[in-house]
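Q: For reference, this is coords16.cif, and it has mmCIF, C-alpha atoms and all ligand atoms.
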data_final
loop_
_atom_site.label_atom_id
_atom_site.label_comp_id
_atom_site.auth_asym_id
_atom_site.auth_seq_id
_atom_site.Cartn_x
_atom_site.Cartn_y
_atom_site.Cartn_z
CA MET A 16 93.64 90.36 111.82
CA SER A 17 94.90 92.24 108.81
CA GLY A 18 94.37 95.83 107.72
CA PRO A 19 95.67 98.59 105.46
CA GLY A 20 99.31 99.69 105.15
CA ILE A 21 101.53 98.26 107.89
CA PHE A 22 98.43 96.75 109.48
CA ARG A 23 98.70 93.86 107.05
CA HIS A 24 100.97 92.73 109.90
CA GLY A 25 98.13 93.53 112.29
CA ALA A 26 98.43 90.30 114.24
CA ARG A 27 101.94 91.36 115.28
CA LEU A 28 101.03 94.94 116.18
CA PRO A 29 99.61 96.14 119.52
CA VAL A 30 96.28 97.35 118.16
CA GLN A 31 92.84 95.86 118.77
CA ALA A 32 91.23 96.21 115.34
CA PRO A 33 93.77 96.33 112.50
CA ALA A 34 91.02 96.52 109.87
CA ALA A 35 89.88 99.85 111.37
CA ALA A 36 93.41 101.21 111.97
CA ILE A 37 94.43 104.80 111.21
CA SER A 38 96.47 104.26 108.06
CA LEU A 39 97.67 106.25 105.06
CA ALA A 40 98.97 103.15 103.27
CA GLU A 41 102.38 103.54 104.91
CA GLY A 42 105.01 100.84 104.59
CA ASP A 43 105.77 98.33 101.84
CA THR A 44 108.39 100.76 100.59
CA PRO A 45 110.42 99.49 97.63
CA LEU A 46 113.96 98.18 97.63
CA VAL A 47 115.82 99.87 94.78
CA ALA A 48 119.24 98.72 93.58
CA LEU A 49 122.02 101.30 93.38
CA SER A 50 123.02 102.51 89.94
CA ALA A 51 126.18 101.19 88.30
CA ASP A 52 127.95 104.49 89.11
CA SER A 53 127.15 104.22 92.79
CA ARG A 54 128.08 100.55 92.92
CA ILE A 55 131.67 101.55 92.20
CA ALA A 56 131.77 103.22 95.62
CA THR A 57 130.45 100.06 97.25
CA GLY A 58 133.12 97.75 95.90
CA GLY A 59 130.79 95.67 93.78
CA ALA A 60 128.66 94.42 96.70
CA ALA A 61 124.98 94.08 95.81
CA VAL A 62 123.36 97.05 97.50
CA ALA A 63 119.69 97.92 97.66
CA VAL A 64 118.18 101.03 99.18
CA LYS A 65 115.08 100.61 101.33
CA CYS A 66 113.14 103.70 100.28
CA GLU A 67 111.62 104.76 103.57
CA PHE A 68 111.53 108.30 102.23
CA LEU A 69 108.56 107.19 100.12
CA ASN A 70 106.27 106.83 103.12
CA PRO A 71 103.22 109.17 103.15
CA THR A 72 104.85 112.04 105.07
CA GLY A 73 108.36 111.30 103.77
CA SER A 74 109.96 109.24 106.51
CA PHE A 75 109.89 105.89 108.32
CA LYS A 76 108.26 107.59 111.30
CA ASP A 77 104.88 107.09 109.63
CA ARG A 78 104.99 103.46 110.71
CA ILE A 79 105.27 104.52 114.35
CA ALA A 80 102.69 107.30 114.04
CA ALA A 81 100.16 104.93 112.47
CA VAL A 82 100.30 102.67 115.52
CA ALA A 83 100.31 105.61 117.96
CA ALA A 84 97.26 107.26 116.36
CA THR A 85 95.41 103.96 116.17
CA ARG A 86 96.08 103.26 119.84
CA ALA A 87 95.09 106.80 120.78
CA ARG A 88 91.70 106.27 119.19
CA GLU A 89 91.26 102.75 120.52
CA HIS A 90 91.99 103.96 124.06
CA GLY A 91 89.76 107.01 123.82
CA ARG A 92 92.54 109.57 124.26
CA ASN A 93 91.60 113.24 123.88
CA GLY A 94 94.73 114.17 121.93
CA VAL A 95 98.42 113.45 121.38
CA VAL A 96 101.47 115.10 122.90
CA GLY A 97 104.88 114.46 121.37
CA MET A 98 108.45 115.59 120.93
CA SER A 99 110.44 115.47 117.74
CA SER A 100 113.27 116.79 115.60
CA GLY A 101 110.72 117.19 112.81
CA ASN A 102 110.03 113.93 111.00
CA GLY A 103 108.27 112.21 113.87
CA GLY A 104 106.29 115.40 114.33
CA ALA A 105 105.27 115.53 110.68
CA ALA A 106 104.23 111.89 110.86
CA ILE A 107 102.15 112.13 114.02
CA ALA A 108 100.67 115.44 112.81
CA ALA A 109 99.30 113.70 109.71
CA TYR A 110 98.06 110.61 111.54
CA ALA A 111 96.57 112.60 114.45
CA ALA A 112 94.73 114.74 111.88
CA ARG A 113 93.45 111.58 110.26
CA ALA A 114 92.32 110.28 113.66
CA GLY A 115 90.60 113.59 114.44
CA LEU A 116 92.84 114.20 117.46
CA PRO A 117 94.64 117.47 118.36
CA LEU A 118 98.45 117.32 118.59
CA THR A 119 100.74 119.38 120.81
CA LEU A 120 104.30 118.95 119.60
CA PHE A 121 107.54 120.06 121.27
CA THR A 122 110.42 120.39 118.82
CA VAL A 123 114.19 120.51 118.79
CA PRO A 124 115.48 124.09 118.42
CA GLY A 125 116.79 124.66 114.90
CA ALA A 126 114.69 121.96 113.23
CA PRO A 127 114.49 122.48 109.44
CA ALA A 128 111.71 124.91 108.54
CA ALA A 129 110.23 122.54 105.98
CA LYS A 130 109.64 119.89 108.66
CA LEU A 131 107.97 122.41 110.96
CA ASP A 132 105.85 123.77 108.10
CA GLN A 133 104.72 120.23 107.40
CA VAL A 134 103.69 119.73 111.03
CA ARG A 135 101.80 123.02 111.15
CA ALA A 136 100.07 122.37 107.84
CA HIS A 137 98.30 119.46 109.52
CA GLY A 138 97.02 121.81 112.21
CA ALA A 139 99.29 120.83 115.11
CA HIS A 140 100.31 123.22 117.88
CA VAL A 141 104.12 123.41 117.66
CA ILE A 142 106.37 124.72 120.42
CA GLU A 143 110.17 124.77 120.53
CA LEU A 144 111.54 123.18 123.70
CA ARG A 145 114.85 124.63 124.84
CA GLY A 146 117.69 122.12 125.06
CA LEU A 147 115.73 119.34 123.37
CA GLY A 148 117.94 117.10 121.24
CA HIS A 149 121.24 118.87 121.76
CA ASP A 150 121.41 118.64 125.57
CA ALA A 151 121.38 115.06 126.86
CA ALA A 152 119.97 115.62 130.35
CA ALA A 153 117.29 118.02 129.09
CA THR A 154 116.30 115.56 126.36
CA ALA A 155 115.99 112.59 128.71
CA ARG A 156 114.00 114.70 131.21
CA ALA A 157 111.70 115.94 128.47
CA ALA A 158 110.92 112.43 127.22
CA ALA A 159 110.03 111.19 130.70
CA GLU A 160 108.00 114.29 131.51
CA LEU A 161 106.00 114.15 128.28
CA VAL A 162 105.04 110.53 128.89
CA ARG A 163 104.00 111.40 132.46
CA ALA A 164 102.07 114.54 131.49
CA ALA A 165 100.32 112.73 128.65
CA GLN A 166 98.98 110.19 131.09
CA VAL A 167 97.72 112.83 133.51
CA HIS A 168 95.93 114.71 130.72
CA GLY A 169 94.41 111.75 128.88
CA ARG A 170 96.68 112.19 125.86
CA GLU A 171 98.66 109.64 123.88
CA PRO A 172 102.41 110.25 124.24
CA PHE A 173 104.58 110.22 121.11
CA VAL A 174 108.31 109.78 121.73
CA THR A 175 109.93 107.61 119.09
CA ALA A 176 111.98 105.43 121.41
CA ARG A 177 111.24 101.97 122.73
CA SER A 178 112.16 103.01 126.27
CA TYR A 179 109.31 105.55 126.31
CA CYS A 180 106.70 104.35 123.82
CA PRO A 181 107.31 100.65 123.22
CA ASP A 182 103.85 100.01 121.79
CA ALA A 183 103.99 102.69 119.10
CA MET A 184 107.55 101.67 118.24
CA ALA A 185 106.25 98.24 117.23
CA GLY A 186 105.26 100.01 114.01
CA ALA A 187 108.93 100.34 113.02
CA ARG A 188 109.44 96.58 113.37
CA THR A 189 107.48 96.25 110.14
CA ILE A 190 110.63 97.41 108.29
CA ALA A 191 112.26 94.12 109.28
CA TYR A 192 109.14 92.14 108.38
CA GLU A 193 109.24 93.64 104.90
CA LEU A 194 112.98 93.10 104.50
CA ALA A 195 112.55 89.46 105.46
CA GLU A 196 110.24 89.17 102.45
CA GLN A 197 112.08 91.48 100.06
CA ALA A 198 115.68 90.47 100.84
CA PRO A 199 115.57 87.20 102.79
CA ASP A 200 119.23 86.52 102.05
CA ALA A 201 120.58 89.97 103.02
CA THR A 202 123.91 89.67 104.83
CA ALA A 203 123.97 93.19 106.30
CA VAL A 204 121.52 96.00 106.99
CA TYR A 205 122.89 99.53 107.53
CA ALA A 206 120.72 102.02 109.42
CA PRO A 207 121.29 105.50 110.86
CA ILE A 208 121.12 106.13 114.59
CA GLY A 209 119.65 109.10 116.44
CA GLY A 210 117.96 108.05 119.66
CA GLY A 211 118.31 104.43 118.54
CA GLY A 212 114.60 103.59 118.25
CA LEU A 213 114.76 102.72 114.56
CA PHE A 214 117.74 100.41 114.99
CA ALA A 215 116.27 98.75 118.09
CA SER A 216 112.98 98.15 116.29
CA ILE A 217 114.59 96.62 113.21
CA TRP A 218 116.45 94.28 115.55
CA HIS A 219 113.30 93.26 117.40
CA GLY A 220 111.46 92.75 114.12
CA TYR A 221 114.19 90.47 112.79
CA ARG A 222 114.32 88.52 116.06
CA GLU A 223 110.66 87.65 115.75
CA LEU A 224 111.22 86.25 112.27
CA ALA A 225 114.56 84.57 112.84
CA ALA A 226 113.12 81.06 112.46
CA GLN A 227 111.60 81.91 109.08
CA LEU A 228 114.78 83.22 107.46
CA PRO A 229 116.83 80.85 105.29
CA GLY A 230 120.11 81.78 107.02
CA PRO A 231 121.38 83.77 110.00
CA LEU A 232 120.09 87.27 110.70
CA PRO A 233 121.89 89.95 108.70
CA ARG A 234 124.57 91.94 110.52
CA LEU A 235 122.89 95.08 111.80
CA VAL A 236 125.30 97.96 111.31
CA ALA A 237 124.70 101.25 113.14
CA VAL A 238 125.81 104.42 111.38
CA GLN A 239 126.10 107.62 113.36
CA PRO A 240 127.51 111.08 112.65
CA ARG A 241 130.86 111.54 114.39
CA GLY A 242 129.42 114.70 115.97
CA CYS A 243 126.94 112.71 118.07
CA PRO A 244 128.90 109.75 119.42
CA THR A 245 126.34 108.25 121.78
CA VAL A 246 126.79 104.71 120.47
CA ARG A 247 130.58 104.89 120.76
CA ARG A 248 130.30 106.19 124.31
CA THR A 249 127.83 103.45 125.20
CA LEU A 250 130.08 100.74 123.75
CA GLU A 251 133.04 102.18 125.66
CA GLY A 252 131.05 102.07 128.90
CA ALA A 253 131.03 105.87 129.20
CA GLY A 254 127.22 106.12 129.32
CA ALA A 255 124.48 106.76 126.81
CA GLN A 256 124.47 110.55 127.25
CA LEU A 257 126.86 113.07 125.73
CA GLU A 258 128.56 115.45 128.14
CA GLN A 259 128.75 118.15 125.46
CA PRO A 260 126.01 119.09 123.00
CA ALA A 261 125.97 117.14 119.73
CA THR A 262 127.82 118.99 116.97
CA THR A 263 126.49 117.22 113.89
CA ALA A 264 124.34 119.38 111.62
CA ILE A 265 122.32 116.40 110.39
CA SER A 266 118.71 116.93 111.33
CA GLY A 267 117.12 113.89 112.96
CA LEU A 268 120.44 112.59 114.27
CA GLN A 269 121.14 115.39 116.76
CA VAL A 270 120.08 113.33 119.75
CA ALA A 271 122.51 113.68 122.63
CA VAL A 272 121.14 110.62 124.41
CA LEU A 273 120.90 107.07 123.11
CA PHE A 274 117.43 106.28 124.45
CA ASP A 275 117.45 102.62 123.46
CA ASP A 276 121.03 101.88 124.46
CA ALA A 277 120.54 98.31 125.72
CA ASP A 278 118.67 97.29 122.56
CA VAL A 279 121.29 98.87 120.29
CA VAL A 280 124.12 97.06 122.08
CA ALA A 281 122.22 93.75 121.95
CA ALA A 282 121.49 94.19 118.24
CA LEU A 283 125.17 94.78 117.48
CA ASP A 284 126.34 91.91 119.69
CA ARG A 285 123.82 89.33 118.60
CA THR A 286 124.04 89.91 114.86
CA GLY A 287 127.80 90.43 114.57
CA GLY A 288 127.17 94.06 113.65
CA HIS A 289 129.27 97.10 114.48
CA LEU A 290 129.28 100.89 114.62
CA VAL A 291 130.47 103.13 111.79
CA GLU A 292 130.94 106.86 112.37
CA VAL A 293 130.78 109.27 109.46
CA ASP A 294 131.61 112.95 109.02
CA ASP A 295 128.86 115.33 107.99
CA ASP A 296 130.65 116.45 104.81
CA VAL A 297 130.95 112.83 103.63
CA VAL A 298 127.20 112.47 104.18
CA TRP A 299 126.52 115.59 102.05
CA ASP A 300 128.64 114.03 99.28
CA VAL A 301 126.73 110.75 99.39
CA GLN A 302 123.43 112.66 99.47
CA ALA A 303 124.57 114.52 96.32
CA ARG A 304 125.55 111.32 94.56
CA LEU A 305 122.24 109.64 95.43
CA ALA A 306 120.49 112.62 93.83
CA ARG A 307 122.71 112.94 90.76
CA ARG A 308 123.57 109.36 89.93
CA ASP A 309 120.74 107.35 91.47
CA GLY A 310 117.78 109.69 91.08
CA MET A 311 116.96 109.45 94.79
CA LEU A 312 116.42 112.69 96.66
CA VAL A 313 116.86 112.06 100.37
CA GLU A 314 117.52 114.38 103.27
CA PRO A 315 121.03 114.16 104.78
CA ALA A 316 119.95 111.64 107.46
CA GLY A 317 118.65 109.48 104.63
CA ALA A 318 122.15 109.24 103.14
CA VAL A 319 123.91 108.34 106.39
CA ALA A 320 123.50 104.56 106.12
CA LEU A 321 125.01 104.49 102.63
CA ALA A 322 127.86 106.74 103.77
CA GLY A 323 128.57 104.19 106.50
CA LEU A 324 128.53 101.31 104.05
CA GLU A 325 130.99 103.10 101.77
CA ALA A 326 133.32 103.68 104.72
CA ASP A 327 133.14 99.96 105.50
CA VAL A 328 133.90 99.05 101.87
CA ARG A 329 137.02 101.23 102.02
CA ALA A 330 137.98 99.54 105.31
CA GLY A 331 137.54 96.08 103.76
CA ARG A 332 134.63 95.18 106.05
CA VAL A 333 132.26 94.41 103.18
CA GLY A 334 133.03 92.05 100.35
CA PRO A 335 131.72 91.35 96.86
CA GLY A 336 129.74 88.40 98.26
CA ASP A 337 127.74 90.66 100.56
CA ARG A 338 124.09 91.50 99.91
CA VAL A 339 123.48 94.76 101.68
CA VAL A 340 120.43 96.86 102.43
CA THR A 341 120.81 100.51 103.44
CA ILE A 342 117.86 102.29 105.01
CA ALA A 343 117.18 105.69 103.40
CA THR A 344 115.04 107.14 106.16
CA GLY A 345 113.85 110.60 105.07
CA ALA A 346 112.89 112.52 101.93
CA GLY A 347 114.87 115.34 100.36
CA PHE A 348 112.07 117.90 100.64
CA LYS A 349 112.37 117.75 104.42
CA ASP A 350 115.48 119.92 104.49
CA ALA A 351 115.25 122.73 101.98
CA ALA A 352 118.62 124.24 102.90
CA ALA A 353 120.37 120.93 102.24
CA ILE A 354 118.65 120.57 98.88
CA ARG A 355 119.60 124.10 97.87
CA ARG A 356 123.19 123.27 98.68
CA LEU A 357 122.93 120.40 96.18
CA GLY A 358 121.24 122.35 93.44
CA GLY A 359 122.88 125.72 93.84
CA GLU A 360 121.09 128.98 94.50
CA ALA A 361 122.03 130.92 91.36
CA PRO A 362 119.02 132.73 89.89
CA LEU A 363 117.57 131.03 86.81
CA ASP A 364 118.45 132.43 83.37
CA ALA A 365 115.40 133.74 81.53
CA VAL A 366 115.35 133.38 77.73
CA GLU A 367 113.09 133.75 74.68
CA LEU A 368 111.81 130.80 72.66
CA ASN A 369 114.21 131.52 69.79
CA ASP A 370 117.15 131.05 72.20
CA VAL A 371 116.35 127.35 72.68
CA GLU A 372 118.42 126.11 69.74
CA ARG A 373 121.52 127.99 70.85
CA ILE A 374 121.12 126.76 74.42
CA LEU A 375 120.90 123.11 73.42
CA GLU A 376 124.08 123.48 71.39
CA THR A 377 126.00 124.76 74.40
CA THR A 378 124.56 122.76 77.31
CA GLY A 379 123.46 119.23 78.16
CA SER A 380 126.63 117.44 79.10
CA MET A 381 126.50 115.51 82.40
CA LEU A 382 127.64 117.32 85.53
C1 LIG A 401 115.35 110.89 108.69
C2 LIG A 401 115.71 110.25 109.98
N1 LIG A 401 116.60 109.24 109.97
C3 LIG A 401 116.97 108.62 111.11
C4 LIG A 401 116.47 109.01 112.34
C5 LIG A 401 116.96 108.32 113.56
O1 LIG A 401 116.02 107.52 114.16
P1 LIG A 401 116.17 107.11 115.69
O2 LIG A 401 116.04 108.39 116.49
O3 LIG A 401 115.03 106.19 115.93
O4 LIG A 401 117.50 106.49 115.88
C6 LIG A 401 115.54 110.06 112.41
C7 LIG A 401 114.99 110.50 113.70
O5 LIG A 401 114.39 111.54 113.81
C8 LIG A 401 115.15 110.69 111.20
O6 LIG A 401 114.27 111.70 111.21
#
So, in terms of structure tokens, how does the structure I just supplied come out?

A:
Amino acid sequence: MSGPGIFRHGARLPVQAPAAAISLAEGDTPLVALSADSRIATGGAAVAVKCEFLNPTGSFKDRIAAVAATRAREHGRNGVVGMSSGNGGAAIAAYAARAGLPLTLFTVPGAPAAKLDQVRAHGAHVIELRGLGHDAAATARAAAELVRAAQVHGREPFVTARSYCPDAMAGARTIAYELAEQAPDATAVYAPIGGGGLFASIWHGYRELAAQLPGPLPRLVAVQPRGCPTVRRTLEGAGAQLEQPATTAISGLQVAVLFDDADVVAALDRTGGHLVEVDDDVVWDVQARLARRDGMLVEPAGAVALAGLEADVRAGRVGPGDRVVTIATGAGFKDAAAIRRLGGEAPLDAVELNDVERILETTGSML
């Protein structure tokens, strides 16, 4: 019952034939320790980054897309229809291509061009859906309608939330299966929250393995941009939908409705976790430090978990005895504008070969 990529956990995944699954060798992403420079900002706690940005299309969504595409083929679907802020779309575009199935994808207005280019490169039909992501009611309606329409038209739906596509979301549980092997004694796992599907899936994955871990489950800590406070509202009993559009600029986390609200609340309650909210400009700073001090180029959403951990260190919520994992969810190339902000946009100097000596004498010190 084992297969390639995440399907080495085939017995736990809702597919019929793991050995024949649609896989691009996703999963089994490395855990990389933070550099000494970055550890200063985390108060000396042992911190490892789960490099989900190293998945085949550059985000954790590949795990979900692999299961969705495999199920689509196993159930004889004639195509896939999905909605996405970009990364899920890029993932399902690649896996649908691999499965030989056409994809129709509805995207959040304003999604980074690089994500949309990636989707289109795989041959998908991409359409912007007004209100998606930013407007809570429109987003919830769209998710329900896509699942319904997919059924009517013999397509596989792709909405990366447990409340809409629980089977495909089983793919994201494999993150917890891997962490149970890679960091069995982790005391806390920090993950970013958009619609909540990632966080809910990590929780369900850990629950399945609870008996095999040497100690209690790690605290699952949800990190969300302050400009999209769906978790705070849910915890305050104000509902899982924002009344105003989300204001965060962080692509992937502009989801005005917490789709998997009950799971997120249960994960926080049952593991002793909590919510941390972070400002976008703090996230840009952490993204820059990950690039310049740690050699890891992630998109802004991929730096959110670490930004949350650093806020907790400053608040005294994490101690030197903690062993923490932060989930770095998406690759830097996904958001070209954000990368340009890091690197600067000044035109390159052009020189002759005999200028090299002079240049090395005057440059080379660390930034
Ligand atoms: C890079 C990245 N990180 C985190 C998330 C949030 O995941 P979820 O919507 O499952 O909470 C997304 C969702 O699109 C994403 O693209």

Q: Could you give me, as a list in words, the residues within 9 Å of Leu69 in chain A, counting only C-alpha atoms and dropping anything in the same chain fewer than 4 positions from it?

A: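 Once the nearby chain positions are removed, what remains is Glu41, Gly42, Thr44, Pro45, Gly73, Ser74, Phe75, Thr344, Gly345 and Ala346 of chain A.
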
Q: Can I get the selected residues back with C-alpha atoms, as a PDB file, in the coordinates of the input?

A:
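That gives us selection32.pdb:
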ATOM      1  CA  GLU A  41     102.380 103.540 104.910  1.00  0.00           C
ATOM      2  CA  GLY A  42     105.010 100.840 104.590  1.00  0.00           C
ATOM      3  CA  THR A  44     108.390 100.760 100.590  1.00  0.00           C
ATOM      4  CA  PRO A  45     110.420  99.490  97.630  1.00  0.00           C
ATOM      5  CA  GLY A  73     108.360 111.300 103.770  1.00  0.00           C
ATOM      6  CA  SER A  74     109.960 109.240 106.510  1.00  0.00           C
ATOM      7  CA  PHE A  75     109.890 105.890 108.320  1.00  0.00           C
ATOM      8  CA  THR A 344     115.040 107.140 106.160  1.00  0.00           C
ATOM      9  CA  GLY A 345     113.850 110.600 105.070  1.00  0.00           C
ATOM     10  CA  ALA A 346     112.890 112.520 101.930  1.00  0.00           C
TER      11      ALA A 346
END

Q: Given a cut-off of 7 Å, what residues near ligand LIG 401 (chain A) show up using only C-alpha atoms and all ligand atoms, put as a ChimeraX atom specification?

A: /A:74,99-103,175-176,207-214,266-268,314,316-317,344-345

Q: Hey, can you spit out that residue selection with C-alpha atoms as a compact mmCIF listing (two decimals), in the coordinates of the input?

A:
# COMPACT_ATOMS: atom_id res chain seq x y z
CA SER A 74 109.96 109.24 106.51
CA SER A 99 110.44 115.47 117.74
CA SER A 100 113.27 116.79 115.60
CA GLY A 101 110.72 117.19 112.81
CA ASN A 102 110.03 113.93 111.00
CA GLY A 103 108.27 112.21 113.87
CA THR A 175 109.93 107.61 119.09
CA ALA A 176 111.98 105.43 121.41
CA PRO A 207 121.29 105.50 110.86
CA ILE A 208 121.12 106.13 114.59
CA GLY A 209 119.65 109.10 116.44
CA GLY A 210 117.96 108.05 119.66
CA GLY A 211 118.31 104.43 118.54
CA GLY A 212 114.60 103.59 118.25
CA LEU A 213 114.76 102.72 114.56
CA PHE A 214 117.74 100.41 114.99
CA SER A 266 118.71 116.93 111.33
CA GLY A 267 117.12 113.89 112.96
CA LEU A 268 120.44 112.59 114.27
CA GLU A 314 117.52 114.38 103.27
CA ALA A 316 119.95 111.64 107.46
CA GLY A 317 118.65 109.48 104.63
CA THR A 344 115.04 107.14 106.16
CA GLY A 345 113.85 110.60 105.07

Q: Which residues, written as a ChimeraX atom specification, have at least one atom at most 12 Å from Glu325 in chain A, with all atoms listed in the file counted and residues fewer than 2 positions away on the same chain left out?

A: /A:53-60,62,205,238,291-293,297-298,300-301,318-323,327-334,339,341

Q: Could you give me, as a list in words, the residues within 8 Å of Val174 in chain A, counting all atoms listed in the file and dropping anything in the same chain fewer than 5 positions from it?

A: Gly97, Met98, Ser99, Ala158, Val162, Tyr179 and Cys180 of chain A

Q: My list of candidates is A:Leu161, A:Gly186, A:Gly115, A:Ala61. Which is closest to Lys76 in chain A when distances are computed with all atoms listed in the file?

A: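 Of A:Leu161, A:Gly186, A:Gly115, A:Ala61, the one nearest Lys76 in chain A, counting all atoms listed in the file, is A:Gly186.
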
Q: Taking all listed atoms of range 271-274 of chain A, build the axis-aligned box, pad each of the six sides by 6 Å, then write its centre and edge lengths in Å to one decimal as lines of an AutoDock Vina configuration file.

A:
center_x = 120.0
center_y = 110.0
center_z = 123.5
size_x = 17.1
size_y = 19.4
size_z = 13.8

Q: In file coordinates, which residues lie within 8 Å of (117.5, 116.2, 100.9) using all atoms listed in the file, given as a PyMOL selection string?

A: chain A and resi 302+312-315+317+345-351+353-354

Q: Please, what distance in Å, to one decimal, runs between CA of Gln227 in chain A and CA of Phe274 in chain A?

A: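 Between CA of Gln227 in chain A and CA of Phe274 in chain A the gap is 29.4 Å.
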
Q: Using all atoms listed in the file for the distances, tell me which of A:Asp77, A:Glu160, A:Asp276, A:Glu258 is nearest to Met184 in chain A.

A: A:Asp77
